[in-house]
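Notes follow once the structure below has been shown.
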Amino acid sequence: MYRLSIIIPVFNVEKYIIDCLNSLYQQNLSENDFEIILINDGSTDQSANLINSFSQSHSNIKMYYQKNSGPSAARNLGIQKAIGEYLLFIDSDDFLLPNKIPLLLQIAEKNQLEVLRADYLNSKENGKIVKYEKSIISSRRIYSNKIIKGDILYSKIFCMEFFTPLLLLNRTFILKNNLYFHEGIYFEDIDFSTRLSLVVTRAMFTPITFYIYRLRENSITHSINLKKVKDLTDIINTLQNSVDRNRFNYPMKQSVLQNITHLSVYLFIRLSEPLLYPHKKEILSTYKVGYLSITGGLKEKIIAILYNLTGKHLIRILHPFVYVKLQLIGGGKTANKKE
């Protein structure tokens with residue numbers, strides 16, 4: 001058994017995959033300590049050839065193929081194939097800082113953790129790290145290096161940053177609790193992190209920065225389309241249903257309600273954009289939240305109040321303001337970006 005299984009979904013990332021792989025061999029780990037599981041999700045570029053060539057020099061790389069099914073299906077296949085004590089998911093266009101994984105493994109193993117959450121920085125598309133002071137959210141600072149349960153993980157550590165690659169996960173814990181990813185949807189990390197938080201009893205946050213998130217203009221997380229807003233609506237409804245069924249204790253319930261408001265405001269603004277505005281009735285017909293918590297920043301509070309007063313007519317109110325804003329910043333076609 002390996003100490004760590006690194007699972008990487010791969011889809012048309014020939015520009016980035018070698019940088020990603022190189023960073024995994026800059027961790028001061030023996031190849032006997034970890035395995036790399038690459039899931040080729042139907043790539044049509046040179047990604048597979050580059051990986052095959054790279055793997056000739058390494059004994060711990062395994063690549064599996066699947067018909068294009070999305071990152072969730074790829075991650076699930078990786079979980080099934082993994083034999084490491086811990087799991088780490090990496091997006092194939094991102095990379096790691098050198099010599100950080102041994103530190104994370106040491107913390108997780110010493111404390112017998114089910115989940116360890118660490119920190120990240122952003123880089124430009126060319127891989128140049130964006131240099132700025134990334135302050136730790138105060139609630140994270142208070143709970144740093146302390147063993148916590150799922151409600152604290154969700155409410156004080158995640159703080160609406162549901163990014164699965166920042167989590168070092170105990171494989172036995174994942175399998176025991178059937179924590180697979182919901183396939184075929186976007187925003188799957190939100191759903192996964194919520195279900196994770198309901199069952200975890202030994203989690204920890206460490207302020208160690210190890211992950212570099214590459215900002216790509218046309219990546220999945222930086223584009224929007226009808227499928228994504230439908231999936232986002234489903235995620236919001238799932239969270240609301242969980243609240244209605246009283247599945248959460250008070251601190252986590254308040255955080256989930258805050259997250260519902262945060263996601264709903266994002267949804268409303270997107271539906272107010274010209275390219276998605278014609279679909280507002282279709283989307284809002286499935287939106288099941290009747291009342292939003294007045295929480296978050298000023299913009300979120302104002303929009304939440306307006307929604308509570310006007311209901312789904314809010315989109316008509318927002319539409320002209322969003323339209324003018326997009327014209328002023330030259331972003332009138334934001335919602336039409338391709339993945």
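Chains: A, B, ... in order of the structure tokens. Residues: from 1 per chain. Ligands: from 1, in order shown.
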key: Test item: residues at most 8 Å from Lys124 in chain A, only C-alpha atoms, excluding those fewer than 2 positions along its chain, as a ChimeraX atom specification   = /A:122,126-130,214-216
Since we have the selection now, will you write its residues out, keeping C-alpha atoms, as a CSV table (one decimal), in the first residue's frame?
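Done, and the output landed in out20.csv:
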chain,number,residue,atom,x,y,z
A,122,ASN,CA,-3.3,31.5,-7.7
A,126,ASN,CA,1.5,30.9,-17.8
A,127,GLY,CA,2.2,29.5,-14.4
A,128,LYS,CA,3.6,32.7,-12.8
A,129,ILE,CA,2.3,32.8,-9.2
A,130,VAL,CA,0.3,35.9,-8.4
A,214,ARG,CA,-4.0,28.2,-12.4
A,215,LEU,CA,-6.4,30.9,-13.5
A,216,ARG,CA,-7.5,30.1,-17.1
key: Shell of 7 Å around Thr209 in chain A, only C-alpha atoms, local chain residues under 5 positions omitted, as number ranges by chain   = A: 118-120
query = Out of range 122-271 of chain A, which residues get strand (DSSP E or B) from DSSP, as a PyMOL selection string?
reply = chain A and resi 122-123+129+144+148+167-170+203-214
Please save N, CA and C atoms of the selected residues as an mmCIF file, in the first residue's frame.
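The resulting file, again18.cif, is reproduced below:
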data_model
loop_
_atom_site.group_PDB
_atom_site.id
_atom_site.type_symbol
_atom_site.label_atom_id
_atom_site.label_comp_id
_atom_site.auth_asym_id
_atom_site.auth_seq_id
_atom_site.Cartn_x
_atom_site.Cartn_y
_atom_site.Cartn_z
ATOM 1 N N ASN A 122 -2.924 31.466 -6.264
ATOM 2 C CA ASN A 122 -3.288 31.491 -7.681
ATOM 3 C C ASN A 122 -2.053 31.754 -8.536
ATOM 4 N N SER A 123 -2.128 31.319 -9.786
ATOM 5 C CA SER A 123 -1.109 31.696 -10.761
ATOM 6 C C SER A 123 -1.790 32.178 -12.029
ATOM 7 N N ILE A 129 3.155 32.668 -10.422
ATOM 8 C CA ILE A 129 2.337 32.809 -9.227
ATOM 9 C C ILE A 129 1.997 34.272 -8.996
ATOM 10 N N SER A 144 -6.660 26.629 13.403
ATOM 11 C CA SER A 144 -5.491 26.031 12.768
ATOM 12 C C SER A 144 -4.862 24.957 13.647
ATOM 13 N N ILE A 148 -10.976 18.966 14.580
ATOM 14 C CA ILE A 148 -12.333 19.508 14.575
ATOM 15 C C ILE A 148 -13.283 18.510 13.928
ATOM 16 N N LEU A 167 -8.003 19.204 -0.187
ATOM 17 C CA LEU A 167 -8.269 18.241 0.877
ATOM 18 C C LEU A 167 -7.413 16.993 0.718
ATOM 19 N N LEU A 168 -6.714 16.626 1.790
ATOM 20 C CA LEU A 168 -6.072 15.323 1.881
ATOM 21 C C LEU A 168 -7.055 14.420 2.613
ATOM 22 N N LEU A 169 -7.481 13.328 1.956
ATOM 23 C CA LEU A 169 -8.609 12.531 2.427
ATOM 24 C C LEU A 169 -8.184 11.103 2.724
ATOM 25 N N ASN A 170 -8.580 10.597 3.868
ATOM 26 C CA ASN A 170 -8.307 9.216 4.216
ATOM 27 C C ASN A 170 -9.177 8.300 3.346
ATOM 28 N N ALA A 203 -11.041 16.139 11.555
ATOM 29 C CA ALA A 203 -10.552 17.006 10.481
ATOM 30 C C ALA A 203 -9.605 18.037 11.066
ATOM 31 N N MET A 204 -8.854 18.695 10.196
ATOM 32 C CA MET A 204 -7.918 19.725 10.650
ATOM 33 C C MET A 204 -7.641 20.677 9.492
ATOM 34 N N PHE A 205 -7.365 21.934 9.860
ATOM 35 C CA PHE A 205 -6.869 22.911 8.891
ATOM 36 C C PHE A 205 -5.425 23.256 9.221
ATOM 37 N N THR A 206 -4.578 23.247 8.201
ATOM 38 C CA THR A 206 -3.214 23.728 8.348
ATOM 39 C C THR A 206 -2.998 24.873 7.368
ATOM 40 N N PRO A 207 -2.340 25.944 7.809
ATOM 41 C CA PRO A 207 -2.111 27.089 6.909
ATOM 42 C C PRO A 207 -1.004 26.854 5.886
ATOM 43 N N ILE A 208 -0.500 25.636 5.786
ATOM 44 C CA ILE A 208 0.543 25.341 4.789
ATOM 45 C C ILE A 208 -0.016 25.554 3.387
ATOM 46 N N THR A 209 0.653 26.366 2.602
ATOM 47 C CA THR A 209 0.266 26.591 1.208
ATOM 48 C C THR A 209 1.000 25.588 0.325
ATOM 49 N N PHE A 210 0.247 24.779 -0.395
ATOM 50 C CA PHE A 210 0.873 23.744 -1.208
ATOM 51 C C PHE A 210 0.370 23.695 -2.643
ATOM 52 N N TYR A 211 -0.812 24.237 -2.905
ATOM 53 C CA TYR A 211 -1.497 24.053 -4.187
ATOM 54 C C TYR A 211 -1.500 25.374 -4.964
ATOM 55 N N ILE A 212 -1.216 25.282 -6.250
ATOM 56 C CA ILE A 212 -1.277 26.463 -7.121
ATOM 57 C C ILE A 212 -2.403 26.275 -8.127
ATOM 58 N N TYR A 213 -3.383 27.148 -8.008
ATOM 59 C CA TYR A 213 -4.567 27.102 -8.857
ATOM 60 C C TYR A 213 -4.333 28.025 -10.061
ATOM 61 N N ARG A 214 -4.284 27.426 -11.235
ATOM 62 C CA ARG A 214 -3.977 28.184 -12.446
ATOM 63 C C ARG A 214 -5.248 28.855 -12.970
#
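Among the candidate residues A:Asn178, A:Asn40, A:Asn28, A:Thr286, the one lying nearest to Lys67 in chain A is A:Asn40, with distances computed using only C-alpha atoms.
The space separating CA of Leu257 in chain A from CA of Ile269 in chain A comes to 18.4 Å.
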request  = Quick one: everything within 12 Å of range 108-115 of chain A, counting only C-alpha atoms, minus sequence neighbours fewer than 6 positions away in the same chain. Send it as a VMD selection string.
outcome  = chain A and resid 3 to 4 85 to 88 101 to 102 145 to 150 153 to 154 157 164 to 177 193 196 to 197 199 to 206
Close residues, Asn52 in chain A itself excluded, 10 Å, only C-alpha atoms, min 6 positions apart in chain, as a short mmCIF file (atom, residue, chain, number, x, y, z; two decimals) with N, CA, C and O atoms, in the first residue's frame:
data_model
loop_
_atom_site.label_atom_id
_atom_site.label_comp_id
_atom_site.auth_asym_id
_atom_site.auth_seq_id
_atom_site.Cartn_x
_atom_site.Cartn_y
_atom_site.Cartn_z
N ILE A 61 3.23 5.53 -12.03
CA ILE A 61 2.17 6.20 -12.79
C ILE A 61 1.26 5.15 -13.42
O ILE A 61 1.72 4.20 -14.06
N LYS A 62 -0.03 5.34 -13.24
CA LYS A 62 -1.03 4.46 -13.85
C LYS A 62 -2.04 5.33 -14.59
O LYS A 62 -2.51 6.33 -14.05
N MET A 63 -2.37 4.94 -15.81
CA MET A 63 -3.35 5.71 -16.57
C MET A 63 -4.49 4.80 -16.99
O MET A 63 -4.28 3.70 -17.51
#
task = Determine the nearest neighbour of Ile283 in chain A from the options A:Phe268, A:Phe89, A:Tyr16, A:Tyr143, counting only C-alpha atoms.
result = A:Phe268
inquiry  = Applying 12 Å and only C-alpha atoms, which residues near Lys280 in chain A remain after dropping the ones on its own chain fewer than 2 positions away? List them as an NGL selection string.
reply    = :A and (226 or 229-230 or 233 or 267-278 or 282-287 or 312-316 or 318-319)
Could you save those same residues with N, CA, C and O atoms as a CSV table (one decimal), in the first residue's frame?
chain,number,residue,atom,x,y,z
A,226,LEU,N,-26.0,27.4,-19.9
A,226,LEU,CA,-27.3,27.0,-19.4
A,226,LEU,C,-27.2,25.8,-18.5
A,226,LEU,O,-27.8,25.6,-17.5
A,229,VAL,N,-26.0,26.7,-15.0
A,229,VAL,CA,-26.9,27.4,-14.1
A,229,VAL,C,-28.0,26.4,-13.7
A,229,VAL,O,-28.6,26.5,-12.6
A,230,LYS,N,-28.3,25.4,-14.5
A,230,LYS,CA,-29.3,24.4,-14.1
A,230,LYS,C,-28.7,23.6,-13.0
A,230,LYS,O,-29.4,23.3,-12.0
A,233,THR,N,-28.6,25.5,-9.8
A,233,THR,CA,-30.0,25.5,-9.2
A,233,THR,C,-30.3,24.2,-8.4
A,233,THR,O,-30.8,24.2,-7.3
A,267,LEU,N,-26.4,33.1,-8.9
A,267,LEU,CA,-27.4,32.6,-9.9
A,267,LEU,C,-28.2,33.7,-10.4
A,267,LEU,O,-28.4,33.8,-11.7
A,268,PHE,N,-28.8,34.6,-9.6
A,268,PHE,CA,-29.6,35.7,-10.0
A,268,PHE,C,-28.9,36.6,-10.9
A,268,PHE,O,-29.4,37.1,-12.0
A,269,ILE,N,-27.7,36.9,-10.6
A,269,ILE,CA,-26.9,37.9,-11.4
A,269,ILE,C,-26.6,37.3,-12.8
A,269,ILE,O,-26.7,37.9,-13.8
A,270,ARG,N,-26.3,36.0,-12.8
A,270,ARG,CA,-26.0,35.3,-14.1
A,270,ARG,C,-27.3,35.3,-14.9
A,270,ARG,O,-27.2,35.5,-16.2
A,271,LEU,N,-28.4,35.0,-14.3
A,271,LEU,CA,-29.7,35.0,-15.1
A,271,LEU,C,-30.1,36.3,-15.6
A,271,LEU,O,-30.9,36.4,-16.5
A,272,SER,N,-29.5,37.4,-15.0
A,272,SER,CA,-29.8,38.7,-15.5
A,272,SER,C,-29.0,39.2,-16.6
A,272,SER,O,-29.2,40.2,-17.3
A,273,GLU,N,-27.9,38.4,-17.0
A,273,GLU,CA,-27.1,38.7,-18.1
A,273,GLU,C,-27.8,38.4,-19.4
A,273,GLU,O,-28.7,37.5,-19.5
A,274,PRO,N,-27.6,39.2,-20.5
A,274,PRO,CA,-28.3,39.1,-21.7
A,274,PRO,C,-28.4,37.6,-22.3
A,274,PRO,O,-29.5,37.2,-22.8
A,275,LEU,N,-27.4,36.9,-22.2
A,275,LEU,CA,-27.4,35.6,-22.9
A,275,LEU,C,-28.2,34.5,-22.1
A,275,LEU,O,-28.6,33.5,-22.7
A,276,LEU,N,-28.3,34.7,-20.8
A,276,LEU,CA,-29.1,33.7,-20.0
A,276,LEU,C,-30.5,34.3,-19.6
A,276,LEU,O,-31.3,33.5,-19.2
A,277,TYR,N,-30.7,35.5,-19.8
A,277,TYR,CA,-32.0,36.2,-19.4
A,277,TYR,C,-33.2,35.5,-20.1
A,277,TYR,O,-34.2,35.3,-19.4
A,278,PRO,N,-33.1,35.1,-21.4
A,278,PRO,CA,-34.3,34.4,-22.0
A,278,PRO,C,-34.6,33.1,-21.3
A,278,PRO,O,-35.8,32.6,-21.5
A,282,GLU,N,-37.5,29.2,-17.3
A,282,GLU,CA,-37.1,27.8,-17.2
A,282,GLU,C,-36.4,27.5,-16.0
A,282,GLU,O,-36.6,26.5,-15.3
A,283,ILE,N,-35.4,28.3,-15.6
A,283,ILE,CA,-34.5,28.0,-14.5
A,283,ILE,C,-35.3,28.3,-13.2
A,283,ILE,O,-35.3,27.5,-12.3
A,284,LEU,N,-35.9,29.4,-13.1
A,284,LEU,CA,-36.6,29.8,-11.9
A,284,LEU,C,-37.8,28.9,-11.5
A,284,LEU,O,-38.2,28.8,-10.4
A,285,SER,N,-38.3,28.2,-12.5
A,285,SER,CA,-39.4,27.3,-12.3
A,285,SER,C,-39.0,26.1,-11.4
A,285,SER,O,-39.8,25.5,-10.8
A,286,THR,N,-37.7,25.9,-11.4
A,286,THR,CA,-37.2,24.7,-10.6
A,286,THR,C,-36.5,25.2,-9.3
A,286,THR,O,-36.1,24.4,-8.5
A,287,TYR,N,-36.4,26.5,-9.1
A,287,TYR,CA,-35.7,27.1,-7.9
A,287,TYR,C,-36.7,27.0,-6.8
A,287,TYR,O,-37.8,27.5,-6.8
A,312,LYS,N,-39.3,36.0,-7.5
A,312,LYS,CA,-38.6,35.7,-8.8
A,312,LYS,C,-38.7,36.9,-9.8
A,312,LYS,O,-38.0,36.9,-10.8
A,313,HIS,N,-39.5,37.9,-9.4
A,313,HIS,CA,-39.5,39.1,-10.3
A,313,HIS,C,-38.1,39.9,-10.1
A,313,HIS,O,-37.9,40.8,-10.9
A,314,LEU,N,-37.3,39.5,-9.2
A,314,LEU,CA,-36.0,40.1,-9.0
A,314,LEU,C,-35.2,40.2,-10.2
A,314,LEU,O,-34.5,41.2,-10.5
A,315,ILE,N,-35.2,39.1,-11.0
A,315,ILE,CA,-34.4,39.1,-12.2
A,315,ILE,C,-34.7,40.2,-13.2
A,315,ILE,O,-33.8,40.8,-13.8
A,316,ARG,N,-36.0,40.5,-13.3
A,316,ARG,CA,-36.4,41.7,-14.2
A,316,ARG,C,-35.9,43.0,-13.6
A,316,ARG,O,-35.5,43.9,-14.4
A,318,LEU,N,-33.0,43.3,-11.8
A,318,LEU,CA,-31.6,43.3,-12.0
A,318,LEU,C,-31.1,43.4,-13.4
A,318,LEU,O,-30.1,43.9,-13.7
A,319,HIS,N,-31.9,42.9,-14.3
A,319,HIS,CA,-31.5,42.8,-15.7
A,319,HIS,C,-30.9,44.1,-16.3
A,319,HIS,O,-29.8,44.1,-16.9
message = List as a VMD selection string the protein and nucleic acid residues near Phe181 in chain A, meaning an atom at most 8 Å away when only C-alpha atoms are counted, but skip any in the same chain fewer than 5 places from it.
response = chain A and resid 72 to 73 75 to 76 188 to 189 192
Mind writing the picked residues with C-alpha atoms as a PDB file, in the first residue's frame?
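This went into result22.pdb:
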ATOM      1  CA  SER A  72     -16.588  13.615 -11.220  1.00  0.00           C
ATOM      2  CA  ALA A  73     -16.725  10.274 -13.032  1.00  0.00           C
ATOM      3  CA  ARG A  75     -12.431  11.072  -9.745  1.00  0.00           C
ATOM      4  CA  ASN A  76     -14.780   8.210  -8.855  1.00  0.00           C
ATOM      5  CA  GLU A 188     -19.887  18.992  -7.630  1.00  0.00           C
ATOM      6  CA  ASP A 189     -17.354  20.137  -5.019  1.00  0.00           C
ATOM      7  CA  PHE A 192     -19.261  16.648  -2.018  1.00  0.00           C
TER       8      PHE A 192
END
Contacts of Pro71 in chain A within 12 Å, only C-alpha atoms, excl. fewer than 6 positions in-chain, as a CSV table (one decimal) with all heavy atoms, in the first residue's frame:
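Writing done, so here's selection-v2.csv:
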chain,number,residue,atom,x,y,z
A,7,ILE,N,-4.9,11.5,-7.6
A,7,ILE,CA,-5.9,11.2,-8.7
A,7,ILE,C,-6.1,12.5,-9.5
A,7,ILE,O,-6.4,13.6,-9.0
A,7,ILE,CB,-7.2,10.8,-8.1
A,7,ILE,CG1,-7.0,9.5,-7.3
A,7,ILE,CG2,-8.3,10.6,-9.2
A,7,ILE,CD1,-8.2,9.1,-6.4
A,8,ILE,N,-5.8,12.3,-10.9
A,8,ILE,CA,-5.9,13.5,-11.8
A,8,ILE,C,-6.7,13.2,-13.0
A,8,ILE,O,-6.4,12.4,-13.8
A,8,ILE,CB,-4.4,13.8,-12.3
A,8,ILE,CG1,-3.5,13.9,-11.1
A,8,ILE,CG2,-4.5,15.1,-13.1
A,8,ILE,CD1,-2.0,14.2,-11.5
A,9,PRO,N,-7.9,13.8,-13.1
A,9,PRO,CA,-8.7,13.7,-14.3
A,9,PRO,C,-8.0,14.5,-15.4
A,9,PRO,O,-7.4,15.6,-15.2
A,9,PRO,CB,-10.0,14.4,-14.0
A,9,PRO,CG,-10.1,14.4,-12.5
A,9,PRO,CD,-8.6,14.5,-12.0
A,10,VAL,N,-8.0,13.9,-16.6
A,10,VAL,CA,-7.2,14.5,-17.7
A,10,VAL,C,-8.2,14.7,-18.9
A,10,VAL,O,-8.7,13.7,-19.4
A,10,VAL,CB,-6.0,13.6,-18.2
A,10,VAL,CG1,-5.3,14.2,-19.4
A,10,VAL,CG2,-5.0,13.5,-17.0
A,11,PHE,N,-8.3,15.9,-19.4
A,11,PHE,CA,-9.1,16.2,-20.6
A,11,PHE,C,-8.5,17.4,-21.3
A,11,PHE,O,-8.6,18.5,-20.9
A,11,PHE,CB,-10.6,16.4,-20.3
A,11,PHE,CG,-11.4,16.7,-21.5
A,11,PHE,CD1,-11.7,15.7,-22.4
A,11,PHE,CD2,-11.8,18.0,-21.8
A,11,PHE,CE1,-12.4,15.9,-23.5
A,11,PHE,CE2,-12.5,18.3,-23.0
A,11,PHE,CZ,-12.9,17.2,-23.8
A,38,LEU,N,-3.9,8.7,-13.3
A,38,LEU,CA,-4.4,9.6,-14.3
A,38,LEU,C,-5.6,9.0,-15.0
A,38,LEU,O,-5.5,7.8,-15.5
A,38,LEU,CB,-3.3,9.9,-15.3
A,38,LEU,CG,-2.1,10.7,-14.7
A,38,LEU,CD1,-0.8,10.0,-15.1
A,38,LEU,CD2,-2.2,12.1,-15.1
A,39,ILE,N,-6.7,9.7,-15.1
A,39,ILE,CA,-7.9,9.2,-15.8
A,39,ILE,C,-8.1,10.0,-17.0
A,39,ILE,O,-8.4,11.2,-17.0
A,39,ILE,CB,-9.2,9.3,-14.9
A,39,ILE,CG1,-8.9,8.7,-13.5
A,39,ILE,CG2,-10.4,8.7,-15.6
A,39,ILE,CD1,-8.6,7.3,-13.5
A,40,ASN,N,-7.8,9.4,-18.2
A,40,ASN,CA,-8.0,10.1,-19.5
A,40,ASN,C,-9.4,10.1,-19.8
A,40,ASN,O,-10.0,9.1,-20.2
A,40,ASN,CB,-7.1,9.4,-20.5
A,40,ASN,CG,-7.1,10.1,-21.8
A,40,ASN,OD1,-8.0,10.9,-22.1
A,40,ASN,ND2,-6.2,9.9,-22.7
A,41,ASP,N,-10.0,11.3,-19.7
A,41,ASP,CA,-11.5,11.4,-19.8
A,41,ASP,C,-11.8,11.7,-21.3
A,41,ASP,O,-12.5,12.7,-21.6
A,41,ASP,CB,-12.0,12.5,-18.9
A,41,ASP,CG,-13.5,12.6,-18.8
A,41,ASP,OD1,-14.1,11.6,-18.9
A,41,ASP,OD2,-14.0,13.8,-18.7
A,42,GLY,N,-11.3,10.9,-22.2
A,42,GLY,CA,-11.7,11.1,-23.6
A,42,GLY,C,-10.9,12.2,-24.3
A,42,GLY,O,-11.5,12.9,-25.2
A,77,LEU,N,-13.6,6.9,-10.6
A,77,LEU,CA,-12.8,5.8,-11.1
A,77,LEU,C,-11.5,5.8,-10.4
A,77,LEU,O,-11.0,4.7,-10.0
A,77,LEU,CB,-12.7,5.9,-12.6
A,77,LEU,CG,-11.8,4.8,-13.2
A,77,LEU,CD1,-12.4,3.4,-12.9
A,77,LEU,CD2,-11.7,5.1,-14.7
A,78,GLY,N,-10.9,6.9,-10.1
A,78,GLY,CA,-9.7,7.0,-9.4
A,78,GLY,C,-9.8,6.5,-8.0
A,78,GLY,O,-8.9,5.8,-7.5
A,89,PHE,N,-6.8,14.8,-4.8
A,89,PHE,CA,-7.3,15.1,-6.1
A,89,PHE,C,-6.6,16.4,-6.6
A,89,PHE,O,-6.5,17.4,-5.9
A,89,PHE,CB,-8.8,15.3,-6.1
A,89,PHE,CG,-9.6,14.1,-5.7
A,89,PHE,CD1,-10.1,14.1,-4.4
A,89,PHE,CD2,-9.8,13.0,-6.5
A,89,PHE,CE1,-10.8,13.0,-3.9
A,89,PHE,CE2,-10.5,11.9,-6.1
A,89,PHE,CZ,-11.0,11.9,-4.8
A,90,ILE,N,-6.1,16.3,-7.9
A,90,ILE,CA,-5.5,17.5,-8.5
A,90,ILE,C,-6.1,17.7,-9.8
A,90,ILE,O,-6.3,16.8,-10.6
A,90,ILE,CB,-3.9,17.2,-8.6
A,90,ILE,CG1,-3.3,17.1,-7.3
A,90,ILE,CG2,-3.3,18.4,-9.4
A,90,ILE,CD1,-1.8,16.9,-7.3
A,91,ASP,N,-6.4,19.0,-10.1
A,91,ASP,CA,-6.8,19.3,-11.5
A,91,ASP,C,-5.6,19.4,-12.4
A,91,ASP,O,-4.5,19.9,-12.0
A,91,ASP,CB,-7.5,20.7,-11.5
A,91,ASP,CG,-8.9,20.6,-10.8
A,91,ASP,OD1,-9.3,19.4,-10.5
A,91,ASP,OD2,-9.5,21.6,-10.6
A,92,SER,N,-5.7,18.8,-13.6
A,92,SER,CA,-4.5,18.6,-14.4
A,92,SER,C,-3.9,19.8,-15.0
A,92,SER,O,-2.8,19.8,-15.5
A,92,SER,CB,-4.9,17.7,-15.6
A,92,SER,OG,-6.1,18.2,-16.3
A,164,THR,N,-12.2,20.8,-3.7
A,164,THR,CA,-11.7,19.5,-3.3
A,164,THR,C,-10.2,19.3,-3.3
A,164,THR,O,-9.7,18.6,-2.5
A,164,THR,CB,-12.5,18.4,-4.1
A,164,THR,OG1,-13.9,18.6,-3.9
A,164,THR,CG2,-12.2,17.0,-3.6
A,180,TYR,N,-18.6,9.3,-2.9
A,180,TYR,CA,-18.3,9.5,-4.3
A,180,TYR,C,-18.8,10.8,-4.8
A,180,TYR,O,-19.7,11.4,-4.1
A,180,TYR,CB,-18.8,8.3,-5.1
A,180,TYR,CG,-18.0,7.0,-4.8
A,180,TYR,CD1,-18.5,6.1,-3.9
A,180,TYR,CD2,-16.9,6.7,-5.6
A,180,TYR,CE1,-17.8,4.9,-3.7
A,180,TYR,CE2,-16.2,5.5,-5.3
A,180,TYR,CZ,-16.6,4.6,-4.4
A,180,TYR,OH,-15.9,3.5,-4.1
A,181,PHE,N,-18.4,11.2,-5.9
A,181,PHE,CA,-18.8,12.5,-6.5
A,181,PHE,C,-20.1,12.3,-7.3
A,181,PHE,O,-20.2,11.3,-8.0
A,181,PHE,CB,-17.7,13.1,-7.3
A,181,PHE,CG,-16.5,13.6,-6.5
A,181,PHE,CD1,-15.5,12.7,-6.2
A,181,PHE,CD2,-16.5,14.9,-6.1
A,181,PHE,CE1,-14.4,13.2,-5.5
A,181,PHE,CE2,-15.4,15.4,-5.4
A,181,PHE,CZ,-14.4,14.5,-5.0
A,182,HIS,N,-21.0,13.2,-7.3
A,182,HIS,CA,-22.2,13.2,-8.1
A,182,HIS,C,-21.8,13.5,-9.5
A,182,HIS,O,-21.2,14.5,-9.9
A,182,HIS,CB,-23.1,14.3,-7.6
A,182,HIS,CG,-24.5,14.2,-8.2
A,182,HIS,ND1,-25.6,14.8,-7.7
A,182,HIS,CD2,-24.9,13.6,-9.4
A,182,HIS,CE1,-26.6,14.6,-8.5
A,182,HIS,NE2,-26.2,13.9,-9.5
A,183,GLU,N,-22.0,12.5,-10.4
A,183,GLU,CA,-21.5,12.5,-11.7
A,183,GLU,C,-22.4,13.3,-12.7
A,183,GLU,O,-23.6,13.4,-12.4
A,183,GLU,CB,-21.3,11.1,-12.3
A,183,GLU,CG,-20.2,10.3,-11.5
A,183,GLU,CD,-20.0,9.0,-12.1
A,183,GLU,OE1,-20.4,8.7,-13.3
A,183,GLU,OE2,-19.2,8.2,-11.5
A,184,GLY,N,-21.8,14.0,-13.6
A,184,GLY,CA,-22.6,14.7,-14.7
A,184,GLY,C,-23.1,16.0,-14.3
A,184,GLY,O,-23.9,16.6,-15.0
A,185,ILE,N,-22.5,16.6,-13.2
A,185,ILE,CA,-23.0,18.0,-12.8
A,185,ILE,C,-21.7,18.8,-12.6
A,185,ILE,O,-20.7,18.4,-12.3
A,185,ILE,CB,-23.8,18.0,-11.6
A,185,ILE,CG1,-23.0,17.5,-10.3
A,185,ILE,CG2,-25.1,17.1,-11.7
A,185,ILE,CD1,-23.7,17.7,-9.0
A,186,TYR,N,-22.0,20.1,-12.8
A,186,TYR,CA,-21.0,21.1,-12.3
A,186,TYR,C,-21.2,21.5,-10.9
A,186,TYR,O,-22.2,21.1,-10.3
A,186,TYR,CB,-21.1,22.4,-13.2
A,186,TYR,CG,-20.8,22.2,-14.6
A,186,TYR,CD1,-21.8,22.1,-15.6
A,186,TYR,CD2,-19.4,22.1,-15.1
A,186,TYR,CE1,-21.5,21.9,-16.9
A,186,TYR,CE2,-19.1,21.9,-16.4
A,186,TYR,CZ,-20.2,21.8,-17.3
A,186,TYR,OH,-19.9,21.6,-18.7
A,187,PHE,N,-20.3,22.2,-10.3
A,187,PHE,CA,-20.3,22.6,-8.9
A,187,PHE,C,-20.4,21.3,-7.9
A,187,PHE,O,-21.0,21.4,-6.8
A,187,PHE,CB,-21.5,23.5,-8.6
A,187,PHE,CG,-21.6,24.7,-9.5
A,187,PHE,CD1,-22.5,24.7,-10.6
A,187,PHE,CD2,-20.8,25.8,-9.3
A,187,PHE,CE1,-22.5,25.8,-11.5
A,187,PHE,CE2,-20.8,26.9,-10.2
A,187,PHE,CZ,-21.7,26.9,-11.2
A,188,GLU,N,-19.8,20.2,-8.4
A,188,GLU,CA,-19.9,19.0,-7.6
A,188,GLU,C,-19.1,19.1,-6.3
A,188,GLU,O,-19.4,18.4,-5.4
A,188,GLU,CB,-19.4,17.8,-8.5
A,188,GLU,CG,-17.9,17.8,-8.7
A,188,GLU,CD,-17.4,18.7,-9.9
A,188,GLU,OE1,-18.3,19.4,-10.5
A,188,GLU,OE2,-16.2,18.7,-10.2
A,189,ASP,N,-18.1,20.0,-6.3
A,189,ASP,CA,-17.4,20.1,-5.0
A,189,ASP,C,-18.2,20.6,-3.9
A,189,ASP,O,-18.0,20.3,-2.7
A,189,ASP,CB,-16.2,21.1,-5.2
A,189,ASP,CG,-15.0,20.4,-6.0
A,189,ASP,OD1,-15.2,19.3,-6.4
A,189,ASP,OD2,-14.0,21.1,-6.2
A,220,ILE,N,-13.5,25.6,-16.8
A,220,ILE,CA,-14.9,25.4,-16.4
A,220,ILE,C,-15.3,26.4,-15.3
A,220,ILE,O,-16.5,26.8,-15.4
A,220,ILE,CB,-14.9,23.9,-15.8
A,220,ILE,CG1,-14.8,22.9,-16.9
A,220,ILE,CG2,-16.2,23.7,-15.0
A,220,ILE,CD1,-14.7,21.5,-16.4
key: Interatomic distance, CA of Met160 in chain A to CA of Ile329 in chain A (Å, one decimal)   = 26.7 Å
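In this structure, CA of Glu14 in chain A sits 4.6 Å away from CA of Ser47 in chain A.
Proximity ranking of A:Leu96, A:Ile317, A:Met252, A:Ala48 relative to Phe158 in chain A places A:Met252 first, based on only C-alpha atoms.
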request  = Point out the residue among A:Glu125, A:Asp151, A:Asp231, A:Glu300 with the least atom-to-atom distance to Arg195 in chain A, counting only C-alpha atoms.
outcome  = A:Asp151
